[in-house]
Amino acid sequence: MHDLKRDPPIAIARGEGVWLIDHDGKRYLDAISSWWVNLFGHGHPTIKAAIAAQLDQLEHVMLAGFTHRPAIELAEALVAVAPAGLSRVFYTDNGASAVEVALKMSFHYWRNLGQPAKQRFVALTGSYHGETLGALSVTDVGLYRDTYDALLVKPLLAPAPDAHGAPGNEDAAATAIEALLAARGHEIAAVIVEPLIQCAGGMRIYGPAYLQRLRAACDRHRVHLIADEIATGFGRTGTLFACEQAAISPDFMCLSKGLTGGFLPLAAVLTTDAVFAAFYAEYQSQRAFLHSHSYTGNPLACAAALATLKIFAREPVLERNRELGHWLDQAFAPLADHPHVANLRRLGTIIAFDLVAERDGAVPYPWEERRGLDLHRTALAHGVLLRPIGNVVYAMPPYVLDRAQAQAIGAAALAGVNAATAVPAGRRVDRAQALDPAALEL
Ligand SMILES: *Cc1c(COP(=O)(O)O)cnc(C)c1O
């Protein structure tokens, strides 16, 4: 709130395709899909119409002892497109709570099976799984986590396989998690990962081979694999789900963000018949999974999700996204040789680079200089919404972006880099901002 005096929030009046429009009529290109949720642009007619039609029927009913057509149809539609073996759907209403559900359900599964020693969770360094206490427990981003550390369940951390570390990093990371599961599998309930890319941890991309080795190790040591596809799901990485590129099926898959095309909050946890069976017993046996939210499986949100899946079924979305990926490559190509840009990388429709003090060795700027914020301001002045994570600059645009709009994002990013790096490192500490750690996140 302190820093909003300098950067007042921009009140958005309307959305239209890739554009956000404020009350003065100024337009901002939403290059980050409103925090990665918006797939097909703002106000997409198919999704809007589906919500409106559902609104004429039923806005909400509790999902306990009652059900409704959109919840049933959506569960069937998700199972039809999900990796093989994911046959059961549990609804909730946001990403963090989907992670809570997967963690609780895995823990509870082992308890129901008479293996209560399996209580620990494994997370990767740099992982992000949400910010409620359970989700934060398996999140390894100090900015969000450190303050609450005393309240959190302690995970076992395994090294992340991000590919822009040393060559062989992925191999070493796979070997490390294999060793961890071999040594401590008897006390581990589940491993949770963001498949192919750790997003909020800094857009760190890794290859499918790691996931294949992790899946095999989980099978060997009877440990669940939770795929957090909240950010990667629904076409972001080039396939409908990132797991498909490794040809693996997780035991749990968490979905939210793009699930409703960015219209309404909804989440789903998909799991297997084996997990379902471990809970299937009469109520008095106390094996049931109890986890309820008032708005679980909301009909309007389910209708929006069904419309989103319909767009995938009817239109060549993934094909078009491949083209969009190339446009992003072309648009960001002028940044590749910039002296303050390192690790330019892309996966599907996510493109990212690191803003660095020195390109050689990717020497970072001191965090308190908040260079990413300068870039954000400059991009906004160019009519483009970019919101770096610290010094990691990325675009994750709606899939309806055209080639000229991709160029506009690249141009705004370049202008932002030039503005943010105009003053040499160490000469640009804004004390008032630097003293407030809460203001670090852009
Ligand atoms: C955003 C995100 C979450 C949390 O979802 P919310 O709806 O913001 O709670 C969890 N995991 C990943 C990978 C995410 O990107």
# chains A, B, ... in the order shown; residues from 1 in each chain; ligands from 1
call {"tool": "residues_near_ligand", "arguments": {"ligand": "ligand 1", "cutoff": "8 Å", "atoms": "only C-alpha atoms and all ligand atoms", "output": "list in words"}}
result
Trp35, Trp36, Asp93, Asn94, Gly95, Ala96, Ser97, Ala98, Val99, Ser127, Tyr128, His129, Gly130, Glu131, Thr132, Ala135, Glu194, Gln198, Cys199, Ala200, Asp228, Glu229, Ile230, Ala231, Thr232, Ser256, Lys257, Pro265 and Ala267 of chain A
call {"tool": "residues_around", "arguments": {"residues": "Ala216 in chain A", "least_positions_apart": "2", "cutoff": "12 Å", "atoms": "only C-alpha atoms", "output": "list of chain:residue names"}}
result
A:Ala174, A:Thr175, A:Ile177, A:Glu178, A:Leu181, A:Ala182, A:Ala209, A:Tyr210, A:Leu211, A:Gln212, A:Arg213, A:Leu214, A:Cys218, A:Asp219, A:Arg220, A:His221, A:Arg222, A:Val223, A:His224, A:Leu225, A:Ala246, A:Ala247, A:Ile248, A:Ser249, A:Pro250
call {"tool": "closest_residue", "arguments": {"among": "A:Pro208, A:Thr296, A:Leu136, A:Cys302", "to": "Phe263 in chain A", "atoms": "only C-alpha atoms"}}
result
A:Cys302
call {"tool": "atom_distance", "arguments": {"atom1": "CA of Phe241 in chain A", "atom2": "CA of Gly15 in chain A"}}
result
26.9 Å
call {"tool": "residues_around", "arguments": {"residues": "Asp402 in chain A", "least_positions_apart": "4", "cutoff": "10 Å", "atoms": "only C-alpha atoms", "output": "ChimeraX atom specification"}}
result
/A:18,323-324,327-328,398,406-408
call {"tool": "closest_residue", "arguments": {"among": "A:Ala277, A:Met203, A:Ile188, A:Leu74", "to": "Pro116 in chain A", "atoms": "only C-alpha atoms"}}
result
A:Ile188
call {"tool": "closest_residue", "arguments": {"among": "A:Ala227, A:Leu240, A:Ala278, A:Leu103", "to": "Glu319 in chain A", "atoms": "only C-alpha atoms"}}
result
A:Leu240
call {"tool": "residues_around", "arguments": {"residues": "Leu264 in chain A", "least_positions_apart": "2", "cutoff": "10 Å", "atoms": "only C-alpha atoms", "output": "list in words"}}
result
Val37, Ile51, Asp93, Asn94, Ser256, Lys257, Gly258, Leu259, Thr260, Gly261, Gly262, Leu266, Ala267, Asn298, Leu300, Ala301, Cys302, Ala303, Ala304 and Ala305 of chain A
call {"tool": "residues_around", "arguments": {"residues": "Ser137 in chain A", "least_positions_apart": "6", "cutoff": "10 Å", "atoms": "only C-alpha atoms", "output": "list in words"}}
result
Glu100, Phe121, Ala123, Tyr128, His129, Gly130, Glu131, Arg145, Tyr148, Asp149, Leu151, Leu152, Val153, Lys154 and Pro155 of chain A
call {"tool": "residues_around", "arguments": {"residues": "Asp360 in chain A", "least_positions_apart": "6", "cutoff": "12 Å", "atoms": "only C-alpha atoms", "output": "ChimeraX atom specification"}}
result
/A:337-343
call {"tool": "write_last_selection", "arguments": {"atoms": "all heavy atoms", "output": "PDB file, in the first residue's frame"}}
result
ATOM      1  N   ASP A 337      20.836 -10.293 -27.887  1.00  0.00           N
ATOM      2  CA  ASP A 337      22.239  -9.885 -27.734  1.00  0.00           C
ATOM      3  C   ASP A 337      22.402  -8.674 -26.825  1.00  0.00           C
ATOM      4  O   ASP A 337      23.492  -8.105 -26.736  1.00  0.00           O
ATOM      5  CB  ASP A 337      22.828  -9.554 -29.109  1.00  0.00           C
ATOM      6  CG  ASP A 337      22.802 -10.764 -30.022  1.00  0.00           C
ATOM      7  OD1 ASP A 337      22.992 -11.886 -29.510  1.00  0.00           O
ATOM      8  OD2 ASP A 337      22.558 -10.587 -31.241  1.00  0.00           O
ATOM      9  N   HIS A 338      21.333  -8.253 -26.197  1.00  0.00           N
ATOM     10  CA  HIS A 338      21.412  -7.055 -25.349  1.00  0.00           C
ATOM     11  C   HIS A 338      22.368  -7.306 -24.180  1.00  0.00           C
ATOM     12  O   HIS A 338      22.345  -8.379 -23.577  1.00  0.00           O
ATOM     13  CB  HIS A 338      20.009  -6.722 -24.823  1.00  0.00           C
ATOM     14  CG  HIS A 338      19.905  -5.358 -24.232  1.00  0.00           C
ATOM     15  ND1 HIS A 338      20.422  -5.042 -23.012  1.00  0.00           N
ATOM     16  CD2 HIS A 338      19.352  -4.204 -24.724  1.00  0.00           C
ATOM     17  CE1 HIS A 338      20.185  -3.750 -22.759  1.00  0.00           C
ATOM     18  NE2 HIS A 338      19.541  -3.228 -23.787  1.00  0.00           N
ATOM     19  N   PRO A 339      23.220  -6.341 -23.851  1.00  0.00           N
ATOM     20  CA  PRO A 339      24.209  -6.559 -22.783  1.00  0.00           C
ATOM     21  C   PRO A 339      23.602  -6.792 -21.391  1.00  0.00           C
ATOM     22  O   PRO A 339      24.301  -7.251 -20.491  1.00  0.00           O
ATOM     23  CB  PRO A 339      25.054  -5.271 -22.797  1.00  0.00           C
ATOM     24  CG  PRO A 339      24.281  -4.275 -23.595  1.00  0.00           C
ATOM     25  CD  PRO A 339      23.426  -5.052 -24.542  1.00  0.00           C
ATOM     26  N   HIS A 340      22.313  -6.491 -21.218  1.00  0.00           N
ATOM     27  CA  HIS A 340      21.684  -6.718 -19.912  1.00  0.00           C
ATOM     28  C   HIS A 340      20.588  -7.782 -19.953  1.00  0.00           C
ATOM     29  O   HIS A 340      19.676  -7.796 -19.118  1.00  0.00           O
ATOM     30  CB  HIS A 340      21.132  -5.400 -19.362  1.00  0.00           C
ATOM     31  CG  HIS A 340      22.210  -4.412 -19.057  1.00  0.00           C
ATOM     32  ND1 HIS A 340      23.118  -4.586 -18.038  1.00  0.00           N
ATOM     33  CD2 HIS A 340      22.553  -3.253 -19.679  1.00  0.00           C
ATOM     34  CE1 HIS A 340      23.964  -3.570 -18.015  1.00  0.00           C
ATOM     35  NE2 HIS A 340      23.648  -2.750 -19.007  1.00  0.00           N
ATOM     36  N   VAL A 341      20.672  -8.653 -20.941  1.00  0.00           N
ATOM     37  CA  VAL A 341      19.695  -9.744 -21.072  1.00  0.00           C
ATOM     38  C   VAL A 341      20.434 -11.075 -21.072  1.00  0.00           C
ATOM     39  O   VAL A 341      21.441 -11.234 -21.768  1.00  0.00           O
ATOM     40  CB  VAL A 341      18.872  -9.591 -22.378  1.00  0.00           C
ATOM     41  CG1 VAL A 341      18.044 -10.850 -22.657  1.00  0.00           C
ATOM     42  CG2 VAL A 341      17.959  -8.365 -22.292  1.00  0.00           C
ATOM     43  N   ALA A 342      19.946 -12.029 -20.272  1.00  0.00           N
ATOM     44  CA  ALA A 342      20.537 -13.380 -20.266  1.00  0.00           C
ATOM     45  C   ALA A 342      19.422 -14.416 -20.292  1.00  0.00           C
ATOM     46  O   ALA A 342      18.286 -14.139 -19.888  1.00  0.00           O
ATOM     47  CB  ALA A 342      21.409 -13.575 -19.028  1.00  0.00           C
ATOM     48  N   ASN A 343      19.775 -15.604 -20.765  1.00  0.00           N
ATOM     49  CA  ASN A 343      18.864 -16.762 -20.704  1.00  0.00           C
ATOM     50  C   ASN A 343      17.517 -16.518 -21.371  1.00  0.00           C
ATOM     51  O   ASN A 343      16.470 -16.888 -20.830  1.00  0.00           O
ATOM     52  CB  ASN A 343      18.612 -17.186 -19.248  1.00  0.00           C
ATOM     53  CG  ASN A 343      19.885 -17.578 -18.522  1.00  0.00           C
ATOM     54  OD1 ASN A 343      20.753 -18.232 -19.100  1.00  0.00           O
ATOM     55  ND2 ASN A 343      20.016 -17.162 -17.279  1.00  0.00           N
TER      56      ASN A 343
END
